[in-house]
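> TSV, C-alpha atoms, file run_13.tsv:
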chain	number	residue	atom	x	y	z
D	1	MET	CA	24.02	-16.64	-4.04
D	2	ILE	CA	26.57	-16.35	-1.29
D	3	LEU	CA	30.03	-15.40	-2.54
D	4	ASP	CA	33.16	-16.37	-0.62
D	5	VAL	CA	35.27	-13.20	-0.76
D	6	GLY	CA	38.03	-14.62	1.47
D	7	PRO	CA	40.64	-14.64	-1.32
D	8	ILE	CA	40.11	-10.91	-1.94
D	9	LEU	CA	40.21	-10.09	1.79
D	10	ARG	CA	43.47	-12.05	2.18
D	11	GLY	CA	45.00	-10.23	-0.80
D	12	GLU	CA	45.40	-13.39	-2.90
D	13	ILE	CA	43.43	-11.90	-5.80
D	14	SER	CA	42.28	-8.37	-6.61
D	15	LYS	CA	39.38	-9.20	-8.91
D	16	MET	CA	36.61	-11.78	-8.70
D	17	SER	CA	34.22	-12.49	-11.58
D	18	ILE	CA	30.58	-13.13	-10.74
D	19	ASP	CA	28.11	-15.03	-12.92
D	20	TYR	CA	24.97	-16.70	-11.59
D	21	ALA	CA	21.19	-17.01	-11.98
D	22	LEU	CA	18.81	-15.21	-9.63
D	23	GLU	CA	15.14	-16.03	-9.16
D	24	PRO	CA	13.29	-12.68	-9.44
D	25	GLU	CA	10.54	-11.63	-7.06
D	26	PRO	CA	7.06	-12.23	-8.60
D	27	MET	CA	5.26	-9.07	-9.68
D	28	PRO	CA	1.61	-8.43	-10.52
D	29	ASP	CA	0.89	-8.21	-14.28
D	30	VAL	CA	4.50	-9.12	-15.21
D	31	VAL	CA	5.65	-12.69	-15.79
D	32	PHE	CA	9.36	-13.36	-15.65
D	33	SER	CA	9.80	-16.13	-18.21
D	34	ASP	CA	13.21	-17.19	-16.89
D	35	THR	CA	15.64	-16.48	-14.08
D	36	ALA	CA	17.65	-13.27	-14.05
D	37	THR	CA	21.22	-13.54	-15.29
D	38	VAL	CA	23.62	-11.72	-12.98
D	39	GLN	CA	27.11	-10.95	-14.21
D	40	GLY	CA	29.75	-8.67	-12.84
D	41	VAL	CA	32.91	-8.24	-10.89
D	42	LEU	CA	34.12	-7.52	-7.37
D	43	THR	CA	37.37	-5.56	-7.40
D	44	ASP	CA	39.77	-4.60	-4.65
D	45	ASP	CA	41.85	-1.50	-5.22
D	46	ALA	CA	44.08	-1.06	-2.16
D	47	GLY	CA	41.33	-1.91	0.31
D	48	TYR	CA	38.54	-0.12	-1.56
D	49	MET	CA	36.20	-2.88	-2.78
D	50	ARG	CA	33.69	-2.16	-5.50
D	51	LEU	CA	30.89	-4.50	-6.62
D	52	SER	CA	29.58	-3.92	-10.15
D	53	LEU	CA	26.78	-6.17	-11.40
D	54	CYS	CA	24.39	-6.24	-14.32
D	55	ALA	CA	21.14	-8.18	-13.93
D	56	THR	CA	19.10	-9.09	-17.01
D	57	VAL	CA	15.70	-10.77	-16.87
D	58	PRO	CA	13.26	-11.71	-19.67
D	59	TYR	CA	9.64	-10.67	-19.11
D	60	GLU	CA	6.16	-11.03	-20.60
D	61	THR	CA	3.29	-8.64	-19.94
D	62	GLU	CA	0.51	-6.67	-21.67
D	63	CYS	CA	0.64	-3.29	-23.36
D	64	ALA	CA	-0.86	-0.67	-21.05
D	65	ARG	CA	-2.77	0.93	-23.95
D	66	CYS	CA	-3.97	-1.89	-26.23
D	67	LEU	CA	-3.50	-5.04	-24.07
D	68	SER	CA	-1.46	-6.85	-26.75
D	69	PRO	CA	1.33	-9.14	-25.50
D	70	VAL	CA	4.70	-7.52	-24.88
D	71	LYS	CA	7.93	-9.52	-24.51
D	72	GLY	CA	11.39	-8.25	-23.83
D	73	THR	CA	14.35	-8.18	-21.50
D	74	PHE	CA	14.97	-5.75	-18.69
D	75	SER	CA	18.43	-4.90	-17.38
D	76	ILE	CA	19.73	-2.91	-14.43
D	77	ARG	CA	23.14	-1.89	-13.19
D	78	PHE	CA	23.91	-2.61	-9.53
D	79	ASP	CA	27.00	-0.78	-8.25
D	80	ARG	CA	27.90	-0.76	-4.56
D	81	THR	CA	30.90	-0.36	-2.30
D	82	ALA	CA	31.64	-3.54	-0.37
D	83	VAL	CA	32.65	-3.10	3.27
D	84	THR	CA	33.35	-5.60	6.02
D	85	GLU	CA	30.97	-5.85	8.93
D	86	GLY	CA	31.74	-3.32	11.65
D	87	THR	CA	33.50	-0.87	9.32
D	88	LEU	CA	30.56	1.53	9.27
D	89	SER	CA	28.30	2.58	12.11
D	90	GLU	CA	24.60	1.71	12.08
D	91	LYS	CA	23.77	5.36	11.41
D	92	GLU	CA	26.08	5.49	8.38
D	93	LEU	CA	24.55	2.29	7.02
D	94	GLU	CA	20.99	3.59	7.45
D	95	GLU	CA	21.77	6.91	5.77
D	96	ASN	CA	23.61	5.27	2.85
D	97	ALA	CA	21.83	1.92	2.49
D	98	ASP	CA	21.85	2.15	-1.32
D	99	GLU	CA	25.61	2.65	-1.50
D	100	TYR	CA	27.00	-0.30	0.47
D	101	VAL	CA	26.89	-4.08	0.68
D	102	ILE	CA	28.14	-5.76	3.84
D	103	ILE	CA	30.65	-8.62	3.90
D	104	LYS	CA	29.83	-10.88	6.86
D	105	ASN	CA	32.18	-13.72	7.83
D	106	ARG	CA	34.07	-13.48	4.50
D	107	SER	CA	30.75	-13.94	2.65
D	108	LEU	CA	28.77	-11.56	0.48
D	109	ASP	CA	25.06	-12.05	-0.20
D	110	VAL	CA	23.40	-9.38	-2.35
D	111	ASP	CA	20.38	-11.33	-3.63
D	112	GLU	CA	17.78	-9.46	-1.57
D	113	GLN	CA	19.22	-6.05	-2.44
D	114	LEU	CA	19.39	-7.03	-6.10
D	115	ARG	CA	15.77	-8.27	-6.14
D	116	GLU	CA	14.67	-5.03	-4.51
D	117	ALA	CA	16.60	-2.99	-7.09
D	118	LEU	CA	14.92	-4.97	-9.90
D	119	ILE	CA	11.45	-4.33	-8.48
D	120	LEU	CA	12.10	-0.64	-7.95
D	121	SER	CA	13.61	-0.17	-11.41
D	122	ILE	CA	11.12	-2.06	-13.56
D	123	PRO	CA	8.65	0.26	-15.35
D	124	MET	CA	5.15	0.63	-13.93
D	125	ARG	CA	3.69	0.00	-17.38
D	126	PHE	CA	4.90	-1.36	-20.69
D	127	LEU	CA	3.94	-0.35	-24.22
D	128	CYS	CA	4.03	-2.45	-27.40
D	129	SER	CA	5.36	0.68	-29.16
D	130	GLU	CA	5.83	4.31	-28.15
D	131	ASP	CA	3.12	5.44	-30.59
D	132	CYS	CA	0.54	2.79	-29.63
D	133	PRO	CA	-2.90	4.40	-30.14
D	134	GLY	CA	-4.63	2.08	-27.64
D	135	LEU	CA	-8.21	0.82	-27.79
D	136	CYS	CA	-11.41	2.49	-28.94
D	137	PRO	CA	-13.18	3.67	-25.78
D	138	LYS	CA	-16.58	2.67	-27.19
D	139	CYS	CA	-16.14	-0.72	-28.89
D	140	GLY	CA	-12.71	-1.80	-27.62
D	141	LYS	CA	-11.16	-2.44	-31.04
D	142	PRO	CA	-7.37	-1.98	-31.16
D	143	LEU	CA	-6.84	1.29	-33.03
D	144	ARG	CA	-3.53	0.12	-34.52
D	145	GLU	CA	-5.65	-2.13	-36.78
D	146	GLY	CA	-7.42	0.92	-38.22
D	147	LYS	CA	-10.52	3.01	-37.56
D	148	CYS	CA	-13.45	1.17	-36.03
D	149	GLY	CA	-16.32	3.30	-37.33
D	150	CYS	CA	-17.43	4.64	-33.97
D	151	PRO	CA	-18.23	8.37	-33.93
D	152	GLU	CA	-15.25	10.32	-32.69
D	153	LYS	CA	-17.37	12.67	-30.56
D	154	ASP	CA	-20.66	12.03	-28.84
D	155	PRO	CA	-23.06	14.94	-28.87
D	156	ASP	CA	-23.28	16.71	-25.54
D	157	PRO	CA	-26.68	15.85	-24.01
D	158	ARG	CA	-26.91	19.30	-22.41
D	159	TRP	CA	-27.51	20.78	-25.88
D	160	ASP	CA	-30.38	18.42	-26.80
D	161	ALA	CA	-33.06	21.04	-26.11
D	162	LEU	CA	-31.44	23.55	-28.47
D	163	ARG	CA	-30.79	20.88	-31.10
D	164	LYS	CA	-34.60	20.39	-31.41
D	165	PHE	CA	-35.01	24.03	-32.52
D	166	ARG	CA	-32.29	23.61	-35.10
D	167	THR	CA	-33.92	20.63	-36.77
D	168	GLU	CA	-37.44	22.20	-36.88
Now that the file is in, can you turn its structure into structure tokens?


Amino acid sequence: MILDVGPILRGEISKMSIDYALEPEPMPDVVFSDTATVQGVLTDDAGYMRLSLCATVPYETECARCLSPVKGTFSIRFDRTAVTEGTLSEKELEENADEYVIIKNRSLDVDEQLREALILSIPMRFLCSEDCPGLCPKCGKPLREGKCGCPEKDPDPRWDALRKFRTE
């Protein structure tokens, strides 16, 4: 979404509320069941402009241990200093890319930076619960449903020759 920040630049207002929907970037193994809700504010305090946003997106995926469905919402904070184009040098912008958003022609567009922040902040794997025991490595039964009956340890085949003497 492109925000017209002209009223703030002209000094007509000192605070602008932001509320819109953002289409998140598709990710492997994670389905975003709806658009991200972006809410926040752009404030001007004597020429120092600060953008503070919160993006919340519902997701559906699988537990990394037991493969059961996991649903939830993921939220991130997005805080940046807003500067007009030409205020900072290219070198300053490159060194501090995660600290600034650029206002071009009285317009502010942070969608790409916000999508990138969502992708970088979302966990690599999700769990149905912190103490999820996972699946049995032999039969694949979810261990949260109880023991499966598989032996807990397989005998080491390197000891088979000695095991014959023991049984005789």

> Looking at only C-alpha atoms, which of D:Glu99, D:Glu145, D:Glu62, D:Asp109 is the one that sits closest to Cys128 (chain D)?

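The shortest atom-to-atom distance to Cys128 (chain D) comes from D:Glu62.
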
> When you draw a straight line from CA of Pro133 (chain D) to CA of Phe74 (chain D), how long is it in Å?

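Distance reported for this atom pair: 23.5 Å.
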
> Quote the spacing between CA of Asp4 (chain D) and CA of Glu25 (chain D) in Å to one decimal place.

24.0 Å

> Please list as number ranges by chain every residue within 9 Å of Val83 (chain D), counting only C-alpha atoms and excluding residues in the same chain fewer than 3 positions away.

D: 48-50, 86-88, 100-103

> Within 12 Å of Asp45 (chain D), counting only C-alpha atoms, which residues show up once you throw out same-chain ones fewer than 5 positions away? Write them as a PDB file with C-alpha atoms, keeping the file's coordinate frame, please.


ATOM      1  CA  ILE D   8      40.110 -10.910  -1.940  1.00  0.00           C
ATOM      2  CA  LEU D   9      40.210 -10.090   1.790  1.00  0.00           C
ATOM      3  CA  GLY D  11      45.000 -10.230  -0.800  1.00  0.00           C
ATOM      4  CA  ILE D  13      43.430 -11.900  -5.800  1.00  0.00           C
ATOM      5  CA  SER D  14      42.280  -8.370  -6.610  1.00  0.00           C
ATOM      6  CA  LYS D  15      39.380  -9.200  -8.910  1.00  0.00           C
ATOM      7  CA  ARG D  50      33.690  -2.160  -5.500  1.00  0.00           C
ATOM      8  CA  LEU D  51      30.890  -4.500  -6.620  1.00  0.00           C
ATOM      9  CA  THR D  81      30.900  -0.360  -2.300  1.00  0.00           C
ATOM     10  CA  ALA D  82      31.640  -3.540  -0.370  1.00  0.00           C
TER      11      ALA D  82
END

> Please determine the residues with any atom at most 12 Å from (2.2, 4.4, -29.7) (coordinates as given in the file, with only C-alpha atoms counting) and report them as a PyMOL selection string.

chain D and resi 63-66+126-135+142-144

> Selection from above, C-alpha atoms, as a PDB file, in the coordinates of the input, can you write it?


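Okay, result.pdb is ready:
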ATOM      1  CA  CYS D  63       0.640  -3.290 -23.360  1.00  0.00           C
ATOM      2  CA  ALA D  64      -0.860  -0.670 -21.050  1.00  0.00           C
ATOM      3  CA  ARG D  65      -2.770   0.930 -23.950  1.00  0.00           C
ATOM      4  CA  CYS D  66      -3.970  -1.890 -26.230  1.00  0.00           C
ATOM      5  CA  PHE D 126       4.900  -1.360 -20.690  1.00  0.00           C
ATOM      6  CA  LEU D 127       3.940  -0.350 -24.220  1.00  0.00           C
ATOM      7  CA  CYS D 128       4.030  -2.450 -27.400  1.00  0.00           C
ATOM      8  CA  SER D 129       5.360   0.680 -29.160  1.00  0.00           C
ATOM      9  CA  GLU D 130       5.830   4.310 -28.150  1.00  0.00           C
ATOM     10  CA  ASP D 131       3.120   5.440 -30.590  1.00  0.00           C
ATOM     11  CA  CYS D 132       0.540   2.790 -29.630  1.00  0.00           C
ATOM     12  CA  PRO D 133      -2.900   4.400 -30.140  1.00  0.00           C
ATOM     13  CA  GLY D 134      -4.630   2.080 -27.640  1.00  0.00           C
ATOM     14  CA  LEU D 135      -8.210   0.820 -27.790  1.00  0.00           C
ATOM     15  CA  PRO D 142      -7.370  -1.980 -31.160  1.00  0.00           C
ATOM     16  CA  LEU D 143      -6.840   1.290 -33.030  1.00  0.00           C
ATOM     17  CA  ARG D 144      -3.530   0.120 -34.520  1.00  0.00           C
TER      18      ARG D 144
END

> In terms of the shortest atom-to-atom distance over all atoms listed in the file, which of D:Glu94, D:Glu12, D:Asp34, D:Glu112 is closest to Glu60 (chain D)?

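With all atoms listed in the file as the atom set, the closest residue is D:Asp34.
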
> If we count all atoms listed in the file and set the cut-off at 10 Å, which residues sit around region 152-157 of chain D, ignoring sequence neighbours fewer than 4 positions away in its own chain? Please answer as a list in words.

Cys136, Pro137, Lys138, Lys147, Cys148, Ala161 and Arg163 of chain D
